[in-house]
file upload-v1.csv (CSV, C-alpha atoms and all ligand atoms)
chain,number,residue,atom,x,y,z
A,1,MET,CA,89.5,107.5,127.8
A,2,THR,CA,92.0,109.9,129.3
A,3,PRO,CA,95.1,110.2,127.2
A,4,ASP,CA,98.5,109.5,128.7
A,5,PRO,CA,100.0,113.0,129.4
A,6,THR,CA,103.6,111.9,128.7
A,7,PRO,CA,104.6,113.1,125.3
A,8,PHE,CA,104.6,110.2,122.8
A,9,ALA,CA,108.2,110.3,121.8
A,10,GLN,CA,109.2,110.3,125.5
A,11,ARG,CA,107.0,107.2,126.0
A,12,LEU,CA,108.8,105.5,123.1
A,13,THR,CA,112.2,106.4,124.4
A,14,GLU,CA,111.5,105.3,128.0
A,15,ARG,CA,110.0,102.0,126.9
A,16,SER,CA,112.8,101.4,124.4
A,17,LEU,CA,115.5,102.0,127.0
A,18,SER,CA,113.8,100.1,129.8
A,19,LEU,CA,113.1,97.0,127.7
A,20,ALA,CA,116.1,97.3,125.4
A,21,THR,CA,114.1,97.1,122.2
A,22,ARG,CA,113.5,99.2,119.1
A,23,LEU,CA,111.0,96.9,117.5
A,24,CYS,CA,107.4,97.9,116.6
A,25,LEU,CA,104.9,95.1,116.2
A,26,GLY,CA,102.7,95.5,113.1
A,27,LEU,CA,99.4,93.8,113.5
A,28,ASP,CA,97.8,93.4,110.1
A,29,PRO,CA,95.5,90.4,110.3
A,30,ARG,CA,94.6,88.8,107.0
A,31,PRO,CA,91.5,86.6,106.7
A,32,ASP,CA,93.1,83.9,104.5
A,33,PRO,CA,95.1,81.8,107.1
A,34,TYR,CA,92.1,81.3,109.4
A,35,SER,CA,90.1,78.2,108.6
A,36,GLY,CA,88.3,78.8,111.9
A,37,GLY,CA,86.9,82.1,110.7
A,38,ARG,CA,86.7,85.5,112.2
A,39,GLN,CA,86.8,84.5,115.8
A,40,GLU,CA,90.1,82.7,115.2
A,41,LEU,CA,91.5,85.8,113.6
A,42,ARG,CA,90.4,87.9,116.5
A,43,ARG,CA,91.8,85.5,119.1
A,44,HIS,CA,95.1,84.9,117.3
A,45,THR,CA,95.7,88.6,116.8
A,46,LEU,CA,95.2,89.3,120.5
A,47,GLU,CA,97.4,86.3,121.4
A,48,VAL,CA,100.2,87.5,119.2
A,49,LEU,CA,100.0,90.9,120.8
A,50,ASP,CA,100.2,89.4,124.2
A,51,ALA,CA,103.1,87.1,123.3
A,52,CYS,CA,105.2,89.7,121.6
A,53,ALA,CA,104.6,92.7,124.0
A,54,PRO,CA,107.7,92.1,126.1
A,55,TYR,CA,109.9,92.5,123.0
A,56,VAL,CA,108.4,95.6,121.4
A,57,VAL,CA,108.4,99.3,122.0
A,58,CYS,CA,105.0,99.9,120.4
A,59,VAL,CA,102.3,98.4,118.3
A,60,LYS,CA,101.1,99.5,114.8
A,61,PRO,CA,97.8,98.2,113.6
A,62,GLN,CA,97.2,99.0,109.9
A,63,VAL,CA,93.5,100.0,109.9
A,64,ALA,CA,92.9,98.7,106.3
A,65,PHE,CA,93.0,95.1,107.5
A,66,TYR,CA,90.3,95.8,110.1
A,67,GLU,CA,88.2,98.0,107.8
A,68,ALA,CA,88.2,95.2,105.3
A,69,LEU,CA,86.3,93.1,107.9
A,70,GLY,CA,83.6,95.6,108.3
A,71,VAL,CA,82.1,96.9,111.5
A,72,TRP,CA,83.1,93.7,113.2
A,73,GLY,CA,86.7,94.3,112.2
A,74,MET,CA,86.6,97.8,113.6
A,75,GLN,CA,85.5,96.3,116.9
A,76,VAL,CA,88.5,94.0,116.8
A,77,LEU,CA,90.7,97.1,116.2
A,78,GLU,CA,89.2,98.6,119.3
A,79,GLU,CA,89.9,95.4,121.3
A,80,VAL,CA,93.5,95.4,120.0
A,81,CYS,CA,94.0,99.0,121.1
A,82,ALA,CA,92.4,98.3,124.5
A,83,ALA,CA,94.7,95.3,125.0
A,84,ALA,CA,97.7,97.3,124.0
A,85,ARG,CA,96.7,100.1,126.5
A,86,SER,CA,96.4,97.6,129.3
A,87,LEU,CA,99.9,96.3,128.4
A,88,ASN,CA,101.1,100.0,128.5
A,89,LEU,CA,102.1,99.7,124.8
A,90,PRO,CA,102.1,103.0,122.8
A,91,ILE,CA,99.8,102.6,119.7
A,92,ILE,CA,100.7,104.0,116.3
A,93,VAL,CA,97.5,103.8,114.2
A,94,ASP,CA,98.6,103.3,110.7
A,95,ALA,CA,95.8,104.9,108.6
A,96,LYS,CA,97.9,107.2,106.4
A,97,ARG,CA,95.2,109.9,106.6
A,98,GLY,CA,95.2,113.1,104.7
A,99,ASP,CA,92.5,115.4,103.2
A,100,ILE,CA,91.5,119.1,103.0
A,101,GLY,CA,91.9,120.8,106.3
A,102,SER,CA,88.3,120.5,107.6
A,103,THR,CA,88.2,116.8,106.8
A,104,ALA,CA,91.7,116.3,108.2
A,105,ALA,CA,90.3,117.8,111.4
A,106,ALA,CA,87.6,115.1,111.5
A,107,TYR,CA,90.2,112.4,110.8
A,108,ALA,CA,92.4,113.8,113.6
A,109,GLN,CA,89.5,113.7,116.0
A,110,ALA,CA,88.7,110.2,115.0
A,111,TRP,CA,92.2,108.8,115.5
A,112,LEU,CA,93.9,111.1,117.8
A,113,GLY,CA,91.1,112.9,119.6
A,114,GLY,CA,89.6,112.3,123.0
A,115,ASN,CA,88.1,108.9,122.2
A,116,HIS,CA,91.1,108.1,120.3
A,117,ALA,CA,91.9,104.6,119.1
A,118,GLY,CA,95.6,105.3,119.3
A,119,ASP,CA,98.3,107.6,120.5
A,120,ALA,CA,100.0,108.4,117.1
A,121,LEU,CA,98.8,108.3,113.5
A,122,THR,CA,100.5,108.0,110.2
A,123,VAL,CA,99.6,110.9,107.9
A,124,ASN,CA,99.9,111.6,104.2
A,125,PRO,CA,101.2,115.1,103.3
A,126,PHE,CA,100.0,114.9,99.6
A,127,LEU,CA,97.3,117.6,100.0
A,128,GLY,CA,99.8,120.2,101.3
A,129,PHE,CA,101.5,121.2,104.5
A,130,GLU,CA,98.5,123.3,105.7
A,131,THR,CA,96.5,120.0,106.0
A,132,LEU,CA,99.0,118.6,108.5
A,133,THR,CA,98.0,121.3,111.1
A,134,PRO,CA,94.8,119.7,112.4
A,135,PHE,CA,96.7,116.4,113.0
A,136,VAL,CA,99.6,118.1,114.7
A,137,ASP,CA,97.3,120.3,116.8
A,138,THR,CA,95.2,117.3,117.9
A,139,ALA,CA,98.3,115.3,118.7
A,140,ARG,CA,99.6,118.2,120.8
A,141,ALA,CA,96.3,118.5,122.7
A,142,ASN,CA,96.4,114.7,123.5
A,143,GLY,CA,100.0,114.0,124.2
A,144,GLY,CA,100.1,112.1,120.9
A,145,ALA,CA,102.2,112.2,117.7
A,146,VAL,CA,102.0,112.1,113.9
A,147,PHE,CA,104.3,110.2,111.6
A,148,VAL,CA,104.4,111.9,108.2
A,149,LEU,CA,105.1,109.9,105.1
A,150,VAL,CA,108.4,111.1,103.8
A,151,LYS,CA,109.9,108.2,101.9
A,152,THR,CA,107.8,105.0,101.7
A,153,SER,CA,109.2,101.5,101.5
A,154,ASN,CA,107.6,100.4,98.2
A,155,PRO,CA,109.4,100.4,94.9
A,156,GLY,CA,106.8,102.7,93.2
A,157,GLN,CA,107.4,105.5,95.7
A,158,ALA,CA,109.9,106.9,93.2
A,159,ASP,CA,107.1,107.9,90.9
A,160,LEU,CA,106.0,110.7,93.2
A,161,GLN,CA,108.6,110.9,96.0
A,162,SER,CA,111.7,111.6,94.0
A,163,GLY,CA,112.8,114.9,92.4
A,164,GLY,CA,113.0,116.8,95.7
A,165,VAL,CA,109.4,116.1,96.9
A,166,SER,CA,110.5,114.0,99.9
A,167,GLU,CA,113.1,116.6,100.6
A,168,GLN,CA,110.4,119.3,100.9
A,169,VAL,CA,108.3,117.1,103.2
A,170,ALA,CA,111.3,116.4,105.4
A,171,ALA,CA,112.1,120.1,105.6
A,172,GLU,CA,108.5,120.7,106.8
A,173,VAL,CA,108.8,117.9,109.4
A,174,ALA,CA,112.0,119.5,110.6
A,175,ARG,CA,110.4,122.9,110.8
A,176,LEU,CA,107.5,121.6,112.8
A,177,GLY,CA,109.9,119.8,115.1
A,178,ALA,CA,111.9,122.9,115.7
A,179,GLU,CA,108.7,124.7,116.8
A,180,GLU,CA,108.4,122.1,119.6
A,181,GLY,CA,111.6,123.2,121.3
A,182,GLU,CA,114.4,120.9,122.3
A,183,GLY,CA,114.6,117.1,121.8
A,184,LEU,CA,112.3,114.7,119.9
A,185,GLY,CA,109.0,116.3,119.0
A,186,ARG,CA,105.6,115.0,118.2
A,187,VAL,CA,106.0,115.2,114.5
A,188,GLY,CA,107.8,112.1,113.2
A,189,ALA,CA,108.5,110.7,109.8
A,190,VAL,CA,108.0,107.4,108.0
A,191,ILE,CA,111.1,106.3,106.1
A,192,GLY,CA,111.1,102.8,104.6
A,193,ALA,CA,113.6,100.5,106.1
A,194,THR,CA,114.1,99.4,102.5
A,195,HIS,CA,116.3,102.5,101.8
A,196,PRO,CA,119.3,101.8,104.1
A,197,GLN,CA,121.7,103.9,102.1
A,198,GLU,CA,119.5,107.0,102.7
A,199,LEU,CA,118.9,106.7,106.4
A,200,ALA,CA,121.8,108.9,107.5
A,201,HIS,CA,120.6,111.6,105.2
A,202,TRP,CA,117.0,111.5,106.5
A,203,ARG,CA,118.1,111.3,110.1
A,204,ALA,CA,120.2,114.5,109.6
A,205,ALA,CA,117.5,116.2,107.7
A,206,MET,CA,115.0,115.8,110.6
A,207,PRO,CA,117.0,115.8,113.8
A,208,GLN,CA,114.0,116.1,116.1
A,209,ALA,CA,111.7,113.6,114.4
A,210,PRO,CA,111.0,110.2,115.8
A,211,LEU,CA,111.4,107.9,112.8
A,212,LEU,CA,109.2,104.9,111.9
A,213,LEU,CA,110.9,102.5,109.7
A,214,PRO,CA,108.6,99.8,108.2
A,215,GLY,CA,109.8,97.0,105.9
A,216,LEU,CA,111.7,94.7,108.2
A,217,GLY,CA,111.4,91.0,107.2
A,218,ALA,CA,108.7,90.5,104.5
A,219,GLN,CA,109.9,93.5,102.4
A,220,GLY,CA,113.5,92.5,102.7
A,221,ALA,CA,115.0,95.1,105.0
A,222,ARG,CA,117.6,93.9,107.5
A,223,ALA,CA,118.2,95.1,111.0
A,224,ALA,CA,122.0,95.3,110.5
A,225,ASP,CA,121.5,98.0,107.8
A,226,LEU,CA,119.4,100.4,109.9
A,227,VAL,CA,121.8,101.8,112.4
A,228,ALA,CA,122.1,105.2,110.7
A,229,ALA,CA,118.4,106.0,111.5
A,230,PHE,CA,119.1,106.1,115.2
A,231,LEU,CA,120.3,108.8,117.5
A,232,PRO,CA,123.3,108.3,119.7
A,233,GLY,CA,122.2,105.8,122.4
A,234,GLY,CA,120.1,103.9,120.0
A,235,THR,CA,116.9,106.0,120.4
A,236,GLY,CA,114.8,108.1,118.1
A,237,ALA,CA,113.6,105.4,115.8
A,238,VAL,CA,111.4,102.3,115.8
A,239,VAL,CA,111.5,99.5,113.2
A,240,SER,CA,108.3,97.7,112.3
A,241,ALA,CA,107.5,94.3,110.9
A,242,SER,CA,104.0,92.9,110.5
A,243,ARG,CA,103.8,89.7,108.4
A,244,GLY,CA,107.2,88.6,109.5
A,245,ILE,CA,106.1,88.4,113.1
A,246,GLN,CA,102.3,87.6,113.1
A,247,TYR,CA,102.7,84.9,110.4
A,248,ALA,CA,106.3,83.9,111.0
A,249,ALA,CA,105.2,80.2,110.9
A,250,GLY,CA,101.6,80.0,110.0
A,251,LEU,CA,99.4,80.7,113.0
A,252,ASP,CA,102.0,79.5,115.5
A,253,VAL,CA,102.0,82.1,118.3
A,254,SER,CA,105.3,80.8,119.8
A,255,ALA,CA,106.9,81.3,116.4
A,256,ALA,CA,105.5,84.9,116.3
A,257,ARG,CA,107.1,85.5,119.8
A,258,GLU,CA,110.4,84.0,118.6
A,259,ALA,CA,110.3,86.2,115.5
A,260,ALA,CA,109.8,89.3,117.6
A,261,ARG,CA,112.5,88.3,120.0
A,262,GLY,CA,114.8,87.6,117.0
A,263,PHE,CA,114.2,91.0,115.4
A,264,ARG,CA,114.7,92.7,118.7
A,265,ASP,CA,118.0,90.9,119.2
A,266,GLU,CA,119.2,91.7,115.7
A,267,LEU,CA,118.4,95.4,116.1
A,268,ASN,CA,120.2,95.4,119.5
A,269,ALA,CA,123.2,93.6,118.1
A,270,ALA,CA,123.5,96.1,115.3
A,271,LEU,CA,123.3,99.0,117.7
A,272,ALA,CA,125.7,97.5,120.3
L,1,LIG,O1,103.3,103.7,107.4
L,1,LIG,C1,103.6,102.5,107.4
L,1,LIG,O2,103.7,101.8,108.4
L,1,LIG,C2,104.2,101.9,106.1
L,1,LIG,C3,104.9,102.8,105.3
L,1,LIG,C4,105.7,102.4,104.3
L,1,LIG,O3,106.4,103.1,103.6
L,1,LIG,N1,105.6,101.0,104.0
L,1,LIG,C5,104.9,100.1,104.8
L,1,LIG,O4,105.0,98.9,104.5
L,1,LIG,N2,104.1,100.6,105.8
L,1,LIG,C6,103.2,99.7,106.5
L,1,LIG,O5,104.0,98.8,107.2
L,1,LIG,C7,103.4,97.4,107.2
L,1,LIG,C8,104.4,96.5,106.5
L,1,LIG,O6,104.0,95.2,106.7
L,1,LIG,P1,104.9,93.9,106.4
L,1,LIG,O7,105.5,94.1,105.1
L,1,LIG,O8,104.0,92.8,106.6
L,1,LIG,O9,106.0,94.0,107.5
L,1,LIG,C9,102.1,97.6,106.5
L,1,LIG,O10,101.1,97.8,107.5
L,1,LIG,C10,102.3,98.8,105.6
L,1,LIG,O11,101.1,99.4,105.4
call {"tool": "encode", "arguments": {"input": "upload-v1.csv", "output": "structure tokens"}}
result
Amino acid sequence: MTPDPTPFAQRLTERSLSLATRLCLGLDPRPDPYSGGRQELRRHTLEVLDACAPYVVCVKPQVAFYEALGVWGMQVLEEVCAAARSLNLPIIVDAKRGDIGSTAAAYAQAWLGGNHAGDALTVNPFLGFETLTPFVDTARANGGAVFVLVKTSNPGQADLQSGGVSEQVAAEVARLGAEEGEGLGRVGAVIGATHPQELAHWRAAMPQAPLLLPGLGAQGARAADLVAAFLPGGTGAVVSASRGIQYAAGLDVSAAREAARGFRDELNAALA
């Protein structure tokens, strides 16, 4: 698979502006709702992708949901990524990887390398900034990007992410972005959409970072509260929802489409 040569952030911006959307479709298939078994899960997930594609900037499969289904699940992930590619949808693989440098290099090769499943990857900085290098280098070589966890959406994030730790990670993201030159770079940041009062701060701290804001819908974040995360012109950030779209009304694919359309419209109205 030949990677798209256009830098990832540019792909996001172009698609965002041409389709007037800032929504990222999370695809996290859970086994419970499918009385028809695995094939129903596979078919439904692909149908939701197809139905929602016109309303979203990009797609974000969380790999845990596919890993939990074993080898078969990983094949479904490959299918989801192949379908997204054929729809020209940028793919953020949400795997939150991080390890010592040599292992990080293997993770980077797995998720961002030549046979990559995706274009961008969420990465965990807990093992130190030196361990981000293989991810950033591999993303650079493939036109991809990384999204570094800076301030996650969950209540328990405060245990480890307060006390200046997130500030240090943000400073490193900003430093890496500055190395890239002008404009949005290939090193982005994850900021939970559940922290609306902090968004202006994080946007200013990482001026060149594309931001990924998860937490819309099921975790209680609201589109109207997220404007401060965006750059002028309403670019520079994408907001993701998973359960709130795929399972908006059971397994009803039309309801998933309407949920995606609704989130898109709410984000656009907030930014108008
Ligand atoms: O990196 C992420 O996407 C992420 C970071 C974060 O801080 N919080 C968070 O919820 N996520 C992911 O975003 C998705 C949220 O799913 P929903 O709560 O169903 O919309 C899941 O795939 C989470 O793993």
call {"tool": "closest_residue", "arguments": {"input": "upload-v1.csv", "among": "A:Leu17, A:Ala174, A:Ala224, A:Ala53", "to": "Leu87 (chain A)", "atoms": "all atoms listed in the file"}}
result
A:Ala53
call {"tool": "closest_residue", "arguments": {"input": "upload-v1.csv", "among": "A:Thr45, A:Gln168, A:Thr235, A:Gln208", "to": "Gly128 (chain A)", "atoms": "only C-alpha atoms"}}
result
A:Gln168
call {"tool": "closest_atom_pairs", "arguments": {"input": "upload-v1.csv", "of": "chain A", "to": "ligand LIG 1 (chain L)", "cutoff": "10 Å", "atoms": "all atoms listed in the file", "output": "JSON lines"}}
result
{"residue": "A:Cys24", "atom": "CA", "partner": "L:LIG1", "partner_atom": "O2", "distance": 9.8}
{"residue": "A:Leu25", "atom": "CA", "partner": "L:LIG1", "partner_atom": "O9", "distance": 8.8}
{"residue": "A:Gly26", "atom": "CA", "partner": "L:LIG1", "partner_atom": "C7", "distance": 6.2}
{"residue": "A:Leu27", "atom": "CA", "partner": "L:LIG1", "partner_atom": "O10", "distance": 7.4}
{"residue": "A:Asp28", "atom": "CA", "partner": "L:LIG1", "partner_atom": "O10", "distance": 6.1}
{"residue": "A:Pro29", "atom": "CA", "partner": "L:LIG1", "partner_atom": "O8", "distance": 9.6}
{"residue": "A:Lys60", "atom": "CA", "partner": "L:LIG1", "partner_atom": "O2", "distance": 7.3}
{"residue": "A:Pro61", "atom": "CA", "partner": "L:LIG1", "partner_atom": "O10", "distance": 6.9}
{"residue": "A:Gln62", "atom": "CA", "partner": "L:LIG1", "partner_atom": "O10", "distance": 4.7}
{"residue": "A:Val63", "atom": "CA", "partner": "L:LIG1", "partner_atom": "O10", "distance": 8.3}
{"residue": "A:Ala64", "atom": "CA", "partner": "L:LIG1", "partner_atom": "O11", "distance": 8.3}
{"residue": "A:Phe65", "atom": "CA", "partner": "L:LIG1", "partner_atom": "O10", "distance": 8.5}
{"residue": "A:Ile92", "atom": "CA", "partner": "L:LIG1", "partner_atom": "O2", "distance": 8.7}
{"residue": "A:Val93", "atom": "CA", "partner": "L:LIG1", "partner_atom": "O2", "distance": 8.7}
{"residue": "A:Asp94", "atom": "CA", "partner": "L:LIG1", "partner_atom": "O1", "distance": 5.8}
{"residue": "A:Ala95", "atom": "CA", "partner": "L:LIG1", "partner_atom": "O1", "distance": 7.7}
{"residue": "A:Lys96", "atom": "CA", "partner": "L:LIG1", "partner_atom": "O1", "distance": 6.5}
{"residue": "A:Leu121", "atom": "CA", "partner": "L:LIG1", "partner_atom": "O1", "distance": 8.9}
{"residue": "A:Thr122", "atom": "CA", "partner": "L:LIG1", "partner_atom": "O1", "distance": 5.8}
{"residue": "A:Val123", "atom": "CA", "partner": "L:LIG1", "partner_atom": "O1", "distance": 8.1}
{"residue": "A:Asn124", "atom": "CA", "partner": "L:LIG1", "partner_atom": "O1", "distance": 9.2}
{"residue": "A:Phe147", "atom": "CA", "partner": "L:LIG1", "partner_atom": "O1", "distance": 7.8}
{"residue": "A:Val148", "atom": "CA", "partner": "L:LIG1", "partner_atom": "O1", "distance": 8.3}
{"residue": "A:Leu149", "atom": "CA", "partner": "L:LIG1", "partner_atom": "O1", "distance": 6.9}
{"residue": "A:Val150", "atom": "CA", "partner": "L:LIG1", "partner_atom": "O3", "distance": 8.2}
{"residue": "A:Lys151", "atom": "CA", "partner": "L:LIG1", "partner_atom": "O3", "distance": 6.4}
{"residue": "A:Thr152", "atom": "CA", "partner": "L:LIG1", "partner_atom": "O3", "distance": 3.0}
{"residue": "A:Ser153", "atom": "CA", "partner": "L:LIG1", "partner_atom": "O3", "distance": 3.8}
{"residue": "A:Asn154", "atom": "CA", "partner": "L:LIG1", "partner_atom": "O3", "distance": 6.2}
{"residue": "A:Pro155", "atom": "CA", "partner": "L:LIG1", "partner_atom": "O3", "distance": 9.6}
{"residue": "A:Gln157", "atom": "CA", "partner": "L:LIG1", "partner_atom": "O3", "distance": 8.3}
{"residue": "A:Ala189", "atom": "CA", "partner": "L:LIG1", "partner_atom": "O1", "distance": 9.0}
{"residue": "A:Val190", "atom": "CA", "partner": "L:LIG1", "partner_atom": "O1", "distance": 6.0}
{"residue": "A:Ile191", "atom": "CA", "partner": "L:LIG1", "partner_atom": "O3", "distance": 6.2}
{"residue": "A:Gly192", "atom": "CA", "partner": "L:LIG1", "partner_atom": "O3", "distance": 4.8}
{"residue": "A:Ala193", "atom": "CA", "partner": "L:LIG1", "partner_atom": "O3", "distance": 8.1}
{"residue": "A:Thr194", "atom": "CA", "partner": "L:LIG1", "partner_atom": "O3", "distance": 8.6}
{"residue": "A:Leu212", "atom": "CA", "partner": "L:LIG1", "partner_atom": "O2", "distance": 7.2}
{"residue": "A:Leu213", "atom": "CA", "partner": "L:LIG1", "partner_atom": "O2", "distance": 7.3}
{"residue": "A:Pro214", "atom": "CA", "partner": "L:LIG1", "partner_atom": "O5", "distance": 4.8}
{"residue": "A:Gly215", "atom": "CA", "partner": "L:LIG1", "partner_atom": "O9", "distance": 5.1}
{"residue": "A:Leu216", "atom": "CA", "partner": "L:LIG1", "partner_atom": "O9", "distance": 5.8}
{"residue": "A:Gly217", "atom": "CA", "partner": "L:LIG1", "partner_atom": "O9", "distance": 6.2}
{"residue": "A:Ala218", "atom": "CA", "partner": "L:LIG1", "partner_atom": "O7", "distance": 4.9}
{"residue": "A:Gln219", "atom": "CA", "partner": "L:LIG1", "partner_atom": "O7", "distance": 5.2}
{"residue": "A:Gly220", "atom": "CA", "partner": "L:LIG1", "partner_atom": "O7", "distance": 8.5}
{"residue": "A:Ala221", "atom": "CA", "partner": "L:LIG1", "partner_atom": "O9", "distance": 9.4}
{"residue": "A:Val239", "atom": "CA", "partner": "L:LIG1", "partner_atom": "O2", "distance": 9.4}
{"residue": "A:Ser240", "atom": "CA", "partner": "L:LIG1", "partner_atom": "O9", "distance": 6.5}
{"residue": "A:Ala241", "atom": "CA", "partner": "L:LIG1", "partner_atom": "O9", "distance": 3.7}
{"residue": "A:Ser242", "atom": "CA", "partner": "L:LIG1", "partner_atom": "O9", "distance": 3.8}
{"residue": "A:Arg243", "atom": "CA", "partner": "L:LIG1", "partner_atom": "O8", "distance": 3.6}
{"residue": "A:Gly244", "atom": "CA", "partner": "L:LIG1", "partner_atom": "O9", "distance": 5.9}
{"residue": "A:Ile245", "atom": "CA", "partner": "L:LIG1", "partner_atom": "O9", "distance": 7.9}
{"residue": "A:Gln246", "atom": "CA", "partner": "L:LIG1", "partner_atom": "O8", "distance": 8.5}
{"residue": "A:Tyr247", "atom": "CA", "partner": "L:LIG1", "partner_atom": "O8", "distance": 8.9}
call {"tool": "atom_distance", "arguments": {"input": "upload-v1.csv", "atom1": "CA of Ala83 (chain A)", "atom2": "CA of Asn142 (chain A)"}}
result
19.5 Å
call {"tool": "closest_residue", "arguments": {"input": "upload-v1.csv", "among": "A:Arg175, A:Arg186, A:Thr21, A:Gln161", "to": "Phe135 (chain A)", "atoms": "only C-alpha atoms"}}
result
A:Arg186
call {"tool": "atom_distance", "arguments": {"input": "upload-v1.csv", "atom1": "CA of Gly144 (chain A)", "atom2": "CA of Gly164 (chain A)"}}
result
28.7 Å
call {"tool": "decode", "arguments": {"input": "upload-v1.csv", "residues": "region 143-207 of chain A", "atoms": "C-alpha atoms", "output": "short mmCIF file (atom, residue, chain, number, x, y, z; two decimals), in the first residue's frame"}}
result
data_model
loop_
_atom_site.label_atom_id
_atom_site.label_comp_id
_atom_site.auth_asym_id
_atom_site.auth_seq_id
_atom_site.Cartn_x
_atom_site.Cartn_y
_atom_site.Cartn_z
CA GLY A 143 3.03 11.33 5.38
CA GLY A 144 1.28 10.33 8.61
CA ALA A 145 0.86 11.84 12.05
CA VAL A 146 0.81 11.03 15.72
CA PHE A 147 -1.61 12.26 18.37
CA VAL A 148 0.08 12.37 21.76
CA LEU A 149 -2.07 11.95 24.87
CA VAL A 150 -1.87 15.27 26.71
CA LYS A 151 -5.10 15.51 28.73
CA THR A 152 -7.42 12.53 28.46
CA SER A 153 -11.19 12.70 28.78
CA ASN A 154 -11.68 10.37 31.77
CA PRO A 155 -12.20 11.60 35.36
CA GLY A 156 -9.22 9.60 36.65
CA GLN A 157 -6.78 11.41 34.37
CA ALA A 158 -6.12 13.82 37.26
CA ASP A 159 -4.24 11.06 39.15
CA LEU A 160 -1.28 11.28 36.77
CA GLN A 161 -1.93 14.18 34.39
CA SER A 162 -2.23 17.05 36.87
CA GLY A 163 0.62 18.77 38.66
CA GLY A 164 2.27 20.04 35.52
CA VAL A 165 2.70 16.68 33.76
CA SER A 166 0.30 17.51 30.96
CA GLU A 167 1.99 20.91 30.66
CA GLN A 168 5.34 19.19 30.07
CA VAL A 169 3.86 16.90 27.43
CA ALA A 170 2.22 19.86 25.71
CA ALA A 171 5.54 21.72 25.70
CA GLU A 172 7.19 18.74 24.01
CA VAL A 173 4.39 18.53 21.42
CA ALA A 174 4.84 22.25 20.75
CA ARG A 175 8.61 21.80 20.43
CA LEU A 176 8.20 18.94 17.95
CA GLY A 177 5.69 21.01 15.99
CA ALA A 178 8.09 23.94 15.78
CA GLU A 179 10.70 21.62 14.23
CA GLU A 180 8.29 20.97 11.39
CA GLY A 181 8.31 24.60 10.26
CA GLU A 182 5.24 26.71 9.54
CA GLY A 183 1.63 25.61 9.94
CA LEU A 184 0.06 22.51 11.42
CA GLY A 185 2.57 19.72 11.90
CA ARG A 186 2.48 15.96 12.12
CA VAL A 187 2.56 15.89 15.90
CA GLY A 188 -0.91 16.38 17.29
CA ALA A 189 -2.39 16.13 20.75
CA VAL A 190 -5.33 14.37 22.36
CA ILE A 191 -7.33 16.66 24.62
CA GLY A 192 -10.56 15.34 26.10
CA ALA A 193 -13.61 17.26 24.92
CA THR A 194 -14.78 16.86 28.52
CA HIS A 195 -12.45 19.72 29.57
CA PRO A 196 -14.08 22.66 27.74
CA GLN A 197 -12.75 25.24 30.18
CA GLU A 198 -9.16 24.22 29.35
CA LEU A 199 -9.37 24.18 25.57
CA ALA A 200 -8.17 27.75 24.97
CA HIS A 201 -5.16 27.03 27.16
CA TRP A 202 -4.16 23.85 25.31
CA ARG A 203 -4.77 25.43 21.90
CA ALA A 204 -2.42 28.28 22.80
CA ALA A 205 0.17 25.92 24.31
CA MET A 206 0.42 23.85 21.10
CA PRO A 207 -0.19 26.30 18.26
#
